[in-house]
Structure formats: C-alpha cells, structure tokens
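Printed here is work.cif (mmCIF, C-alpha atoms):
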data_coords
loop_
_atom_site.group_PDB
_atom_site.id
_atom_site.type_symbol
_atom_site.label_atom_id
_atom_site.label_comp_id
_atom_site.auth_asym_id
_atom_site.auth_seq_id
_atom_site.Cartn_x
_atom_site.Cartn_y
_atom_site.Cartn_z
ATOM 1 C CA ALA A 154 -21.643 9.293 -10.611
ATOM 2 C CA ALA A 155 -18.998 11.509 -9.087
ATOM 3 C CA PRO A 156 -15.790 9.712 -8.065
ATOM 4 C CA LEU A 157 -15.510 8.754 -4.428
ATOM 5 C CA ALA A 158 -13.135 10.800 -2.303
ATOM 6 C CA LEU A 159 -10.256 8.806 -0.871
ATOM 7 C CA GLY A 160 -10.008 9.544 2.815
ATOM 8 C CA ALA A 161 -11.720 9.490 6.140
ATOM 9 C CA PRO A 162 -13.965 12.067 7.788
ATOM 10 C CA ALA A 163 -12.353 15.291 8.978
ATOM 11 C CA GLY A 164 -9.896 14.849 11.821
ATOM 12 C CA PRO A 165 -9.105 11.135 11.299
ATOM 13 C CA ALA A 166 -8.398 9.069 14.381
ATOM 14 C CA ALA A 167 -5.183 7.080 14.351
ATOM 15 C CA ALA A 168 -5.467 3.345 13.821
ATOM 16 C CA VAL A 169 -4.370 1.280 16.777
ATOM 17 C CA ASN A 170 -3.488 -2.304 17.516
ATOM 18 C CA GLY A 171 -6.316 -2.759 19.999
ATOM 19 C CA THR A 172 -8.439 -5.703 20.978
ATOM 20 C CA GLY A 173 -10.438 -5.775 17.741
ATOM 21 C CA GLN A 174 -8.554 -8.633 16.099
ATOM 22 C CA GLY A 175 -9.881 -10.075 12.835
ATOM 23 C CA ARG A 176 -12.200 -8.593 10.241
ATOM 24 C CA ILE A 177 -13.825 -5.247 10.967
ATOM 25 C CA PRO A 178 -15.948 -3.597 8.264
ATOM 26 C CA GLY A 179 -14.181 -0.680 6.635
ATOM 27 C CA VAL A 180 -15.612 -0.724 3.122
ATOM 28 C CA SER A 181 -17.846 2.144 2.000
ATOM 29 C CA GLU A 182 -21.488 1.397 1.276
ATOM 30 C CA GLU A 183 -21.494 3.494 -1.869
ATOM 31 C CA ALA A 184 -19.667 2.358 -5.022
ATOM 32 C CA ASP A 185 -18.432 4.532 -7.866
ATOM 33 C CA ALA A 186 -19.498 4.187 -11.500
ATOM 34 C CA GLU A 187 -17.083 1.273 -12.045
ATOM 35 C CA GLY A 188 -18.173 -0.579 -8.928
ATOM 36 C CA PHE A 189 -15.181 0.288 -6.767
ATOM 37 C CA ARG A 190 -15.725 0.909 -3.064
ATOM 38 C CA ILE A 191 -13.321 2.596 -0.666
ATOM 39 C CA TYR A 192 -11.729 0.658 2.160
ATOM 40 C CA THR A 193 -10.575 2.811 5.100
ATOM 41 C CA ARG A 194 -8.814 1.045 7.952
ATOM 42 C CA PRO A 195 -11.166 1.144 10.957
ATOM 43 C CA GLU A 196 -10.021 2.507 14.281
ATOM 44 C CA GLY A 197 -9.181 -0.356 16.621
ATOM 45 C CA LYS A 198 -8.494 -2.942 13.907
ATOM 46 C CA GLY A 199 -5.886 -5.377 15.146
ATOM 47 C CA GLY A 200 -4.186 -6.785 12.039
ATOM 48 C CA GLY A 201 -1.577 -9.472 12.689
ATOM 49 C CA HIS A 202 0.948 -7.335 14.539
ATOM 50 C CA GLY A 203 0.841 -8.939 17.945
ATOM 51 C CA VAL A 204 1.435 -7.001 21.153
ATOM 52 C CA GLY A 205 3.232 -3.694 21.539
ATOM 53 C CA TRP A 206 2.425 -1.817 18.321
ATOM 54 C CA SER A 207 1.876 1.913 18.680
ATOM 55 C CA GLU A 208 -0.854 3.790 16.847
ATOM 56 C CA PHE A 209 -0.443 4.868 13.227
ATOM 57 C CA PRO A 210 -2.603 6.805 10.750
ATOM 58 C CA PRO A 211 -5.176 4.699 8.867
ATOM 59 C CA TYR A 212 -5.065 4.179 5.103
ATOM 60 C CA SER A 213 -7.521 3.967 2.209
ATOM 61 C CA PHE A 214 -7.647 2.326 -1.217
ATOM 62 C CA LYS A 215 -10.139 1.246 -3.868
ATOM 63 C CA VAL A 216 -11.627 -2.246 -3.621
ATOM 64 C CA PRO A 217 -12.933 -3.863 -6.844
ATOM 65 C CA PRO A 218 -16.398 -5.455 -6.984
ATOM 66 C CA GLY A 219 -16.608 -8.901 -5.420
ATOM 67 C CA TRP A 220 -13.416 -8.689 -3.358
ATOM 68 C CA GLU A 221 -13.522 -9.820 0.278
ATOM 69 C CA GLU A 222 -11.324 -9.256 3.302
ATOM 70 C CA PHE A 223 -9.585 -12.293 4.797
ATOM 71 C CA PRO A 224 -8.229 -12.595 8.344
ATOM 72 C CA VAL A 225 -4.506 -12.185 8.967
ATOM 73 C CA SER A 226 -2.363 -13.832 11.587
ATOM 74 C CA ILE A 227 0.917 -13.158 13.343
ATOM 75 C CA ALA A 228 1.997 -16.529 11.921
ATOM 76 C CA ASP A 229 1.521 -15.421 8.299
ATOM 77 C CA PRO A 230 4.633 -15.854 6.077
ATOM 78 C CA ALA A 231 4.593 -12.090 5.395
ATOM 79 C CA GLY A 232 5.401 -11.551 9.068
ATOM 80 C CA THR A 233 3.956 -9.474 11.875
ATOM 81 C CA GLU A 234 3.878 -6.389 9.629
ATOM 82 C CA LEU A 235 0.980 -7.808 7.584
ATOM 83 C CA ASP A 236 -2.063 -5.655 8.351
ATOM 84 C CA LEU A 237 -4.700 -6.647 5.790
ATOM 85 C CA LYS A 238 -5.604 -9.108 3.043
ATOM 86 C CA PHE A 239 -8.228 -8.802 0.309
ATOM 87 C CA ALA A 240 -8.855 -11.288 -2.495
ATOM 88 C CA SER A 241 -11.246 -12.533 -5.159
ATOM 89 C CA LYS A 242 -11.098 -15.688 -7.286
ATOM 90 C CA ASP A 243 -13.112 -14.201 -10.144
ATOM 91 C CA LYS A 244 -11.167 -14.824 -13.372
ATOM 92 C CA LYS A 245 -11.635 -11.353 -14.832
ATOM 93 C CA THR A 246 -11.846 -9.091 -11.773
ATOM 94 C CA GLY A 247 -10.022 -11.104 -9.107
ATOM 95 C CA GLY A 248 -6.555 -11.207 -7.592
ATOM 96 C CA GLU A 249 -4.949 -10.748 -4.199
ATOM 97 C CA ALA A 250 -3.924 -7.638 -2.275
ATOM 98 C CA SER A 251 -2.114 -7.220 1.010
ATOM 99 C CA VAL A 252 -1.125 -4.216 3.084
ATOM 100 C CA LEU A 253 2.069 -4.167 5.149
ATOM 101 C CA ILE A 254 2.778 -1.595 7.849
ATOM 102 C CA GLU A 255 6.514 -1.457 8.560
ATOM 103 C CA PRO A 256 8.388 0.564 11.206
ATOM 104 C CA VAL A 257 10.771 3.070 9.601
ATOM 105 C CA LEU A 258 13.289 1.984 12.243
ATOM 106 C CA ARG A 259 14.050 -0.862 9.874
ATOM 107 C CA PHE A 260 15.852 1.699 7.709
ATOM 108 C CA MET A 261 16.627 4.717 9.879
ATOM 109 C CA ASP A 262 16.968 5.794 13.501
ATOM 110 C CA VAL A 263 14.113 8.173 14.339
ATOM 111 C CA GLY A 264 12.186 9.133 17.429
ATOM 112 C CA PHE A 265 8.833 7.739 18.491
ATOM 113 C CA ASN A 266 6.951 10.849 17.328
ATOM 114 C CA ALA A 267 8.853 11.275 14.057
ATOM 115 C CA SER A 268 7.064 12.422 10.902
ATOM 116 C CA VAL A 269 8.821 10.725 8.000
ATOM 117 C CA LYS A 270 8.187 10.767 4.235
ATOM 118 C CA VAL A 271 9.177 7.856 2.016
ATOM 119 C CA THR A 272 11.826 10.031 0.355
ATOM 120 C CA ASP A 273 13.475 10.360 3.781
ATOM 121 C CA VAL A 274 13.620 6.586 4.165
ATOM 122 C CA GLY A 275 15.441 5.869 0.901
ATOM 123 C CA ASP A 276 15.308 5.887 -2.888
ATOM 124 C CA PRO A 277 12.845 3.698 -4.832
ATOM 125 C CA MET A 278 15.347 0.894 -5.478
ATOM 126 C CA LYS A 279 16.390 0.704 -1.817
ATOM 127 C CA LEU A 280 12.789 0.396 -0.675
ATOM 128 C CA VAL A 281 11.603 -2.226 -3.147
ATOM 129 C CA THR A 282 14.673 -4.445 -2.796
ATOM 130 C CA GLY A 283 14.553 -4.079 0.984
ATOM 131 C CA PHE A 284 11.036 -5.506 1.019
ATOM 132 C CA GLY A 285 11.632 -8.252 -1.552
ATOM 133 C CA PRO A 286 10.955 -11.171 0.816
ATOM 134 C CA GLU A 287 7.625 -9.676 1.928
ATOM 135 C CA LEU A 288 6.557 -8.769 -1.626
ATOM 136 C CA ILE A 289 7.576 -11.804 -3.691
ATOM 137 C CA GLY A 290 9.104 -14.244 -1.210
ATOM 138 C CA GLY A 291 12.719 -13.521 -2.163
ATOM 139 C CA PRO A 292 15.099 -10.967 -3.663
ATOM 140 C CA ILE A 293 13.882 -8.624 -6.406
ATOM 141 C CA GLU A 294 16.223 -8.386 -9.389
ATOM 142 C CA GLU A 295 16.494 -5.257 -11.511
ATOM 143 C CA PHE A 296 15.167 -7.028 -14.628
ATOM 144 C CA GLN A 297 11.879 -7.667 -12.818
ATOM 145 C CA LEU A 298 11.114 -3.952 -12.429
ATOM 146 C CA ALA A 299 8.994 -3.242 -15.486
ATOM 147 C CA LYS A 300 8.092 0.147 -14.021
ATOM 148 C CA MET A 301 9.368 2.215 -11.101
ATOM 149 C CA ASP A 302 7.910 5.686 -10.579
ATOM 150 C CA ILE A 303 7.823 8.523 -8.057
ATOM 151 C CA ASP A 304 4.520 10.349 -7.677
ATOM 152 C CA THR A 305 2.699 12.584 -5.196
ATOM 153 C CA LEU A 306 -0.534 11.559 -3.491
ATOM 154 C CA PRO A 307 -3.480 13.999 -3.371
ATOM 155 C CA ASN A 308 -2.632 14.718 0.287
ATOM 156 C CA GLY A 309 0.916 15.768 -0.635
ATOM 157 C CA LEU A 310 2.817 12.664 0.489
ATOM 158 C CA PRO A 311 5.399 11.287 -1.965
ATOM 159 C CA VAL A 312 4.848 7.704 -3.106
ATOM 160 C CA TYR A 313 6.862 5.075 -4.996
ATOM 161 C CA ARG A 314 5.009 2.758 -7.398
ATOM 162 C CA TYR A 315 6.293 -0.389 -9.067
ATOM 163 C CA GLU A 316 5.280 -3.064 -11.547
ATOM 164 C CA ILE A 317 7.182 -6.247 -10.710
ATOM 165 C CA LEU A 318 7.453 -9.040 -13.264
ATOM 166 C CA PRO A 319 7.590 -12.722 -12.291
ATOM 167 C CA ALA A 320 11.141 -14.078 -12.080
ATOM 168 C CA PHE A 321 10.047 -17.674 -12.674
ATOM 169 C CA LYS A 322 7.039 -19.494 -14.054
ATOM 170 C CA GLY A 323 4.312 -19.515 -11.446
ATOM 171 C CA ASP A 324 5.439 -16.293 -9.742
ATOM 172 C CA PRO A 325 2.855 -13.474 -9.510
ATOM 173 C CA HIS A 326 2.775 -10.207 -11.432
ATOM 174 C CA CYS A 327 2.733 -7.455 -8.792
ATOM 175 C CA PHE A 328 1.609 -3.824 -8.618
ATOM 176 C CA VAL A 329 3.136 -2.201 -5.543
ATOM 177 C CA SER A 330 2.729 1.160 -3.826
ATOM 178 C CA ILE A 331 5.147 2.255 -1.071
ATOM 179 C CA THR A 332 4.795 5.445 0.949
ATOM 180 C CA ALA A 333 5.373 6.603 4.528
ATOM 181 C CA ALA A 334 3.633 8.651 7.209
ATOM 182 C CA ARG A 335 4.537 9.337 10.833
ATOM 183 C CA ASN A 336 6.984 6.557 11.749
ATOM 184 C CA ARG A 337 5.602 3.844 9.461
ATOM 185 C CA VAL A 338 6.168 2.651 5.892
ATOM 186 C CA TYR A 339 2.902 1.731 4.134
ATOM 187 C CA ILE A 340 2.945 -0.918 1.401
ATOM 188 C CA LEU A 341 0.156 -2.228 -0.813
ATOM 189 C CA ASN A 342 0.932 -5.261 -2.977
ATOM 190 C CA ALA A 343 -1.783 -6.176 -5.521
ATOM 191 C CA LYS A 344 -0.941 -9.294 -7.518
ATOM 192 C CA THR A 345 -2.189 -11.931 -9.920
ATOM 193 C CA PRO A 346 -0.888 -15.025 -11.711
ATOM 194 C CA GLU A 347 0.656 -13.901 -15.000
ATOM 195 C CA PRO A 348 -1.834 -15.802 -17.243
ATOM 196 C CA LEU A 349 -4.719 -13.755 -15.770
ATOM 197 C CA LEU A 350 -2.987 -10.366 -16.021
ATOM 198 C CA GLN A 351 -4.800 -9.430 -19.244
ATOM 199 C CA TYR A 352 -8.138 -9.531 -17.379
ATOM 200 C CA ARG A 353 -7.086 -8.133 -14.016
ATOM 201 C CA GLU A 354 -4.491 -5.445 -14.715
ATOM 202 C CA LYS A 355 -6.914 -2.502 -14.763
ATOM 203 C CA ASN A 356 -8.339 -3.278 -11.315
ATOM 204 C CA LEU A 357 -4.947 -4.013 -9.746
ATOM 205 C CA ARG A 358 -3.511 -0.746 -11.061
ATOM 206 C CA ALA A 359 -6.520 1.123 -9.659
ATOM 207 C CA MET A 360 -5.860 -0.385 -6.238
ATOM 208 C CA MET A 361 -2.171 0.540 -6.383
ATOM 209 C CA ASN A 362 -2.815 4.101 -7.561
ATOM 210 C CA SER A 363 -5.502 4.781 -4.943
ATOM 211 C CA PHE A 364 -3.549 3.562 -1.893
ATOM 212 C CA THR A 365 -2.906 6.400 0.578
ATOM 213 C CA PRO A 366 -2.416 7.025 4.279
ATOM 214 C CA VAL A 367 -5.159 9.192 5.791
ATOM 215 C CA ILE A 368 -3.255 12.008 7.493
ATOM 216 C CA ALA A 369 -4.258 14.934 9.693
ATOM 217 C CA ALA A 370 -5.422 18.095 7.939
ATOM 218 C CA GLU A 371 -2.546 20.097 9.460
ATOM 219 C CA LEU A 372 0.098 17.770 7.987
ATOM 220 C CA GLU A 373 -1.657 17.735 4.612
ATOM 221 C CA ALA A 374 -1.633 21.546 4.513
ATOM 222 C CA GLU A 375 2.061 21.579 5.412
ATOM 223 C CA LEU A 376 2.945 19.068 2.679
ATOM 224 C CA LYS A 377 0.983 20.954 0.041
ATOM 225 C CA ALA A 378 2.717 24.187 1.064
ATOM 226 C CA GLU A 379 6.079 22.456 0.592
ATOM 227 C CA LEU A 380 5.043 21.269 -2.851
ATOM 228 C CA LYS A 381 3.890 24.733 -3.833
ATOM 229 C CA ALA A 382 7.209 26.177 -2.681
ATOM 230 C CA GLY A 383 9.150 23.466 -4.501
ATOM 231 C CA ASN A 384 10.760 22.144 -1.309
ATOM 232 C CA THR A 385 10.587 18.466 -2.224
ATOM 233 C CA ALA A 386 13.271 15.803 -2.205
ATOM 234 C CA ASP A 387 15.168 15.590 -5.490
ATOM 235 C CA ILE A 388 15.185 11.882 -6.278
ATOM 236 C CA GLU A 389 15.456 10.655 -9.826
ATOM 237 C CA VAL A 390 14.341 7.274 -11.069
ATOM 238 C CA ALA A 391 14.499 5.732 -14.512
ATOM 239 C CA SER A 392 11.635 3.562 -15.674
ATOM 240 C CA ALA A 393 12.713 0.181 -16.944
#
Kindly transcribe the structure held in the file into structure tokens.
Amino acid sequence: AAPLALGAPAGPAAAVNGTGQGRIPGVSEEADAEGFRIYTRPEGKGGGHGVGWSEFPPYSFKVPPGWEEFPVSIADPAGTELDLKFASKDKKTGGEASVLIEPVLRFMDVGFNASVKVTDVGDPMKLVTGFGPELIGGPIEEFQLAKMDIDTLPNGLPVYRYEILPAFKGDPHCFVSITAARNRVYILNAKTPEPLLQYREKNLRAMMNSFTPVIAAELEAELKAELKAGNTADIEVASA
C-alpha cells in the first residue's frame, strides 16, 4: 500500500483551546502497510492548557498499532503545556508518547502573530537542555545525548531530533523531536523502559521522525523557496 501522507486536508484550520476537553478522535481510519495510522490534532481539542491559550497550527505523527490516547490534565507533572498522551503496554510494540506545545516566549520576545522556526529559537543543545524537566524529569547531561541531529520536515520546517539515554537505572530511553511554527515550540517525546528498547525502538523512531506541524500552504511554499535558494540558518551539531 502507498504510504500515508502526513498532513491535514488543504487549508488546515488552526487548533484551538476550546471547550472540547478530553479525548477527541484524530486518528486516520486507514493504516499503512506496517499498521501505522496518522494522528492529526482535531480542531477544538482542549489538551491540558487551561484558560487563555491562543490558537496554534495542528500537528500530525504516526501512531503504531494498538496505541491509545489517554486524557491529559492541567495538573499533570509535565505542566500546562502537555497537549496529548498516547501509550500501549504491549511488550513488543508499546511505549509512551507525549506532545508538548510551548510558547516561544519562554526563549525569546516575539509578537503575538510571529512566525518562528526552531532555528530562530536556539541551537539544538539549548532547546533540549531547556526542556529537560518536561522530557525526563530533570536536567539532561551531555553524555545522555546518544544522537542529536538537525533535519528538514517535508513541509520545509527545520526540526531537531534527539536520542536520550537513561541517566540512572529505571529512567526511560527517549526519542524526541523539537520544531516550531507560528509562536509555538512543538515537542514529541516517545519513550520506553530501557529493557524493552530492543522490541520498541523501530516504532518509537517512526513516531519521532513523522512528527510535524500542519502549516498553511502559503507558509510551506515560502519555506521551500528558502530551502531552494539556500537561505537557511547555518547551525552545526555534532552527533554524540
């Protein structure tokens, strides 16, 4: 079967923190040849952000077979920026994944209608260490970064991807994607206990690699034109 396209229908509506708190279906009916479905954040989904959040573009990523969405709360330890949780307890295909939506104001002073890329916000090390408490519950040390890469999403947005090793016995092994669109930083953290990594790594990497904001066609065309012209931020990163 042909691979599923990551994205929403033409002219995507922005996601909002409306009255639709809790779980709203966003998973595609059709699965690809490996059983993955596409989750696209539904318009009106509340997340755990509380009151006062402005709209932001939705996002998409691959969901492995058997994974389910779980409700999030403003009281969650990950904070009010937690937007989504998926998980499965299956030994070979399971794990946990969460999506955080963070205001770029945490790192830089921009206007309400700003259009920011992750390379504008900071370099890969600044971003991953800045979100250490949300990702692993504490600071991230350099020795934990097994991999740290810069890539470009199909829509032209730059993205940082990381593989984070456990610092102590019992800590999770994490696969993290960080990007930005409009005035938000988008983070997906797919993780598993280290003993189960050998079974789950392929699925967790697929989730990380597929994570993308769904942006307007005009912005996508502009980003691709910049890439074609070579007008991209010059940030270097060394893989551990």
Centre and edge lengths of an axis-aligned box around all listed atoms of region 299-318 of chain A, with 6 Å added on each side, are to be given in Å to one decimal, as JSON.
{"center_x": 2.9, "center_y": 3.4, "center_z": -7.5, "size_x": 24.8, "size_y": 36.8, "size_z": 28.0}
May I have the residues within 9 Å of Pro218 (chain A) as a list of chain:residue names, using all atoms listed in the file and disregarding those fewer than 3 positions away in the same chain? A:Ala184, A:Glu187, A:Gly188, A:Phe189, A:Arg190, A:Glu221, A:Ser241, A:Thr246, A:Gly247
Could you tell me, as number ranges by chain, exactly which residues end up selected when the PyMOL selection byres ((chain A and resi 268) around 7) is applied to this structure? A: 266-267, 269-270, 334-336
Could you please determine the separation between CA of Gly275 (chain A) and CA of Asp324 (chain A) in Å, to one decimal place?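 Separation of CA of Gly275 (chain A) and CA of Asp324 (chain A): 26.5 Å.
If you measure from each of A:Gly248, A:Pro292, A:Pro311, A:Gly197 to Ile331 (chain A) using only C-alpha atoms, the closest one turns out to be A:Pro311.
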Just the number, please: distance in Å from CA of Ile191 (chain A) to CA of Met278 (chain A), one decimal.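 It comes out at 29.1 Å.
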Interatomic distance, CA of Val367 (chain A) to CA of Glu222 (chain A) (Å, one decimal):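 Interatomic distance, CA of Val367 (chain A) to CA of Glu222 (chain A): 19.6 Å.
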To verify the selection step, state as JSON, numbers by chain which residues the PyMOL selection byres ((chain A and resi 283) around 12) yields on this input. {"A": [255, 257, 259, 260, 274, 275, 276, 277, 278, 279, 280, 281, 282, 284, 285, 286, 287, 288, 289, 290, 291, 292, 293, 294, 331, 338]}
Hey, which of A:Phe321, A:Phe364, A:Tyr313, A:Trp220 ends up closest to Arg194 (chain A)? Count all atoms listed in the file. A:Phe364
Output the residue selection produced by the PyMOL selection byres ((chain A and resi 253) around 6) on the file above, formatted as a PyMOL selection string. chain A and resi 234-236+252+254+340
May I have the protein, DNA and RNA residues with any atom at most 12 Å from the point (-5.4, -15.2, -16.9), counting all atoms listed in the file, written as a JSON list (two decimals) with C-alpha atoms, keeping the file's coordinate frame?
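The resulting file, result13.json, is reproduced below:
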[["chain", "number", "residue", "atom", "x", "y", "z"],
["A", 242, "LYS", "CA", -11.10, -15.69, -7.29],
["A", 243, "ASP", "CA", -13.11, -14.20, -10.14],
["A", 244, "LYS", "CA", -11.17, -14.82, -13.37],
["A", 245, "LYS", "CA", -11.64, -11.35, -14.83],
["A", 246, "THR", "CA", -11.85, -9.09, -11.77],
["A", 247, "GLY", "CA", -10.02, -11.10, -9.11],
["A", 248, "GLY", "CA", -6.56, -11.21, -7.59],
["A", 323, "GLY", "CA", 4.31, -19.52, -11.45],
["A", 325, "PRO", "CA", 2.86, -13.47, -9.51],
["A", 326, "HIS", "CA", 2.78, -10.21, -11.43],
["A", 344, "LYS", "CA", -0.94, -9.29, -7.52],
["A", 345, "THR", "CA", -2.19, -11.93, -9.92],
["A", 346, "PRO", "CA", -0.89, -15.02, -11.71],
["A", 347, "GLU", "CA", 0.66, -13.90, -15.00],
["A", 348, "PRO", "CA", -1.83, -15.80, -17.24],
["A", 349, "LEU", "CA", -4.72, -13.76, -15.77],
["A", 350, "LEU", "CA", -2.99, -10.37, -16.02],
["A", 351, "GLN", "CA", -4.80, -9.43, -19.24],
["A", 352, "TYR", "CA", -8.14, -9.53, -17.38],
["A", 353, "ARG", "CA", -7.09, -8.13, -14.02],
["A", 354, "GLU", "CA", -4.49, -5.44, -14.72]]
Shortest interatomic distance to Val329 (chain A) - which of A:Val271, A:Ala250, A:Leu306, A:Ile227, counting only C-alpha atoms: A:Ala250
Name the closest residue to Pro211 (chain A) among the candidates A:Arg337, A:Lys377, A:Arg314, A:Lys238; distances are taken between atoms, counting all atoms listed in the file. A:Arg337
Return the single residue from A:Leu318, A:Pro217, A:Thr193, A:Gly309 that is closest to Gln297 (chain A), with distances computed using all atoms listed in the file.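 With all atoms listed in the file as the atom set, the closest residue is A:Leu318.
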May I ask which of the residues A:Glu373, A:Asp262, A:Asp304, A:Glu196 is the closest one to Thr332 (chain A), counting all atoms listed in the file?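 Checking each of A:Glu373, A:Asp262, A:Asp304, A:Glu196 against Thr332 (chain A), counting all atoms listed in the file, the winner is A:Asp304.
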